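Structure, as structure tokens:
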Amino acid sequence: MYAITITEPGGPEVLVWSEVPDPELREGEVLVDVAASAVNRADLLQRQGFYDPQPGTSPYPGLECSGTVAEVGPGVTGWSVGDEVCALLSGGGYAERVAVPAGQLLPVPEGVDLVTAAGLPEVVATVWSNVFMVAHLRPGETLLVHGGSSGIGTMAIQLAKAVGATVAVTAGSAAKLARCAELGADITINYREQDFVEELRAATDGRGADVILDIIGAKYLERNIEALAVNGRLAIIGLMGGVKGELNLGALLRKRGAITATTLRARPLDEKAAIIAAVREHVWPLVDSERVVPVIDRLLPMAEAAEAHRALETGDHIGKVLLSR
């Protein structure tokens, strides 16, 4: 088969569409003929040499895909050859075929075409596991999403609104904030021109956010604590602003706050399967009914993965960047 390989750590130019061995199907896995994959920031880190795949997993980038079941491995039930699926991966989405643990497969939702479905698994699993399974966002609470126009952000807005929460977002341009508002964001904050702590307090009568979904990390740590409501929960899922920050524990104590930090890729198979099962139960009905929709910025041929990485690095996209076969 062909896959995008990383010739050496570096810029987008090191991504090369190369002939590689077919994946070996193991017990409990399903072989998927890939229709499309999606670009995530973890792929950029892997390309740069900062985020190696877990041992025993595919060496190729791509943490999600959509496609058609080509073969069902030993011990797998509930899936048949020809089923249209999308999947959460540990890697290998930038390829013609990929072996997927059966517990990480989802059916393509009604009303979503096969290619577009590639933009769903990673963002939905990330948002649902962090905002709802860990931080327990409830109806009537306020969620603050940093990077509201990103793939994660556009999904978080819609899911939070679907359960009856108020949503605040930060983004870096009027166009991005306008798209966030179209998706349901109630409070929009331009982080280049406004202080998100002050703006959030003003919009919530001084209360702050019950849950914050943060992709920035160290740079925002202190201000995120300031922005939390009493009994608030900060969920850190990215480190774009650094890995080391100073935390005023007194401020956290006064807020009776909680901080969690998670990654998805390295979780054990049973944990990923539990997240996918929860997504299928709680989120897929919302997608089927079009209350929640995938937001796609652009679609590029998989062989042009380098251009897709450049697009993500510029930061001018809204939603997901997809790669199609």
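The chains in the structure tokens are called A, B, ... from first to last as shown; in each chain the residues are counted from 1, and the ligands are counted from 1 in the order shown.
Taking only C-alpha atoms, the non-local environment of Ala266 (chain A) within 9 Å (same-chain residues fewer than 6 positions away omitted) comprises Pro53, Gln54 and Ser90 of chain A.
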With only C-alpha atoms as the counted atoms, please give the residues lying no more than 12 Å from Asp52 (chain A), apart from itself and same-chain residues fewer than 2 positions off, as a ChimeraX atom specification. /A:6,9,42-50,54-61,90-91,265-266
Query - Long-range neighbours of Glu27 (chain A) as number ranges by chain, 12 Å cut-off, only C-alpha atoms, 6 positions minimum in chain - result: A: 71-77, 99-102
Could you take the residues named above and write them with N, CA, C and O atoms, as an mmCIF file, in the first residue's frame?
data_model
loop_
_atom_site.group_PDB
_atom_site.id
_atom_site.type_symbol
_atom_site.label_atom_id
_atom_site.label_comp_id
_atom_site.auth_asym_id
_atom_site.auth_seq_id
_atom_site.Cartn_x
_atom_site.Cartn_y
_atom_site.Cartn_z
ATOM 1 N N GLU A 71 -11.685 -6.197 5.899
ATOM 2 C CA GLU A 71 -11.453 -7.517 6.484
ATOM 3 C C GLU A 71 -11.718 -7.428 7.981
ATOM 4 O O GLU A 71 -11.407 -6.414 8.618
ATOM 5 N N VAL A 72 -12.274 -8.498 8.531
ATOM 6 C CA VAL A 72 -12.571 -8.568 9.960
ATOM 7 C C VAL A 72 -11.664 -9.613 10.587
ATOM 8 O O VAL A 72 -11.630 -10.772 10.141
ATOM 9 N N GLY A 73 -10.923 -9.213 11.592
ATOM 10 C CA GLY A 73 -9.974 -10.114 12.218
ATOM 11 C C GLY A 73 -10.622 -11.085 13.187
ATOM 12 O O GLY A 73 -11.809 -10.980 13.524
ATOM 13 N N PRO A 74 -9.832 -12.023 13.695
ATOM 14 C CA PRO A 74 -10.342 -13.005 14.663
ATOM 15 C C PRO A 74 -10.875 -12.320 15.918
ATOM 16 O O PRO A 74 -10.303 -11.345 16.401
ATOM 17 N N GLY A 75 -11.969 -12.846 16.440
ATOM 18 C CA GLY A 75 -12.523 -12.352 17.685
ATOM 19 C C GLY A 75 -13.368 -11.104 17.572
ATOM 20 O O GLY A 75 -13.818 -10.560 18.583
ATOM 21 N N VAL A 76 -13.607 -10.619 16.352
ATOM 22 C CA VAL A 76 -14.382 -9.391 16.154
ATOM 23 C C VAL A 76 -15.821 -9.743 15.797
ATOM 24 O O VAL A 76 -16.075 -10.571 14.912
ATOM 25 N N THR A 77 -16.760 -9.120 16.479
ATOM 26 C CA THR A 77 -18.178 -9.270 16.156
ATOM 27 C C THR A 77 -18.781 -7.882 15.970
ATOM 28 O O THR A 77 -18.250 -6.885 16.454
ATOM 29 N N ALA A 99 -5.154 -0.879 10.174
ATOM 30 C CA ALA A 99 -5.756 -1.850 11.093
ATOM 31 C C ALA A 99 -6.220 -1.112 12.343
ATOM 32 O O ALA A 99 -5.459 -0.337 12.933
ATOM 33 N N VAL A 100 -7.466 -1.366 12.742
ATOM 34 C CA VAL A 100 -8.084 -0.608 13.834
ATOM 35 C C VAL A 100 -8.651 -1.573 14.878
ATOM 36 O O VAL A 100 -9.381 -2.498 14.521
ATOM 37 N N PRO A 101 -8.362 -1.380 16.166
ATOM 38 C CA PRO A 101 -9.058 -2.155 17.189
ATOM 39 C C PRO A 101 -10.567 -1.952 17.050
ATOM 40 O O PRO A 101 -11.033 -0.813 16.896
ATOM 41 N N ALA A 102 -11.324 -3.037 17.103
ATOM 42 C CA ALA A 102 -12.763 -2.953 16.830
ATOM 43 C C ALA A 102 -13.476 -1.992 17.769
ATOM 44 O O ALA A 102 -14.464 -1.356 17.386
#
Set the distance at 9 Å and use only C-alpha atoms: which residues neighbour Met155 (chain A) once local chain neighbours fewer than 4 positions away are removed? I'd like the list as a ChimeraX atom specification.
/A:120,123-124,127,148,150-151,159-160,183,292-295,319
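Considering only C-alpha atoms, the residue among A:Phe196, A:Thr142, A:Ala303, A:Thr188 positioned nearest to Gly232 (chain A) is A:Thr142.
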Shortest contact to Leu234 (chain A), candidates A:Ala278, A:Ala35, A:Val283, A:Leu144, atoms counted only C-alpha atoms, goes to A:Leu144
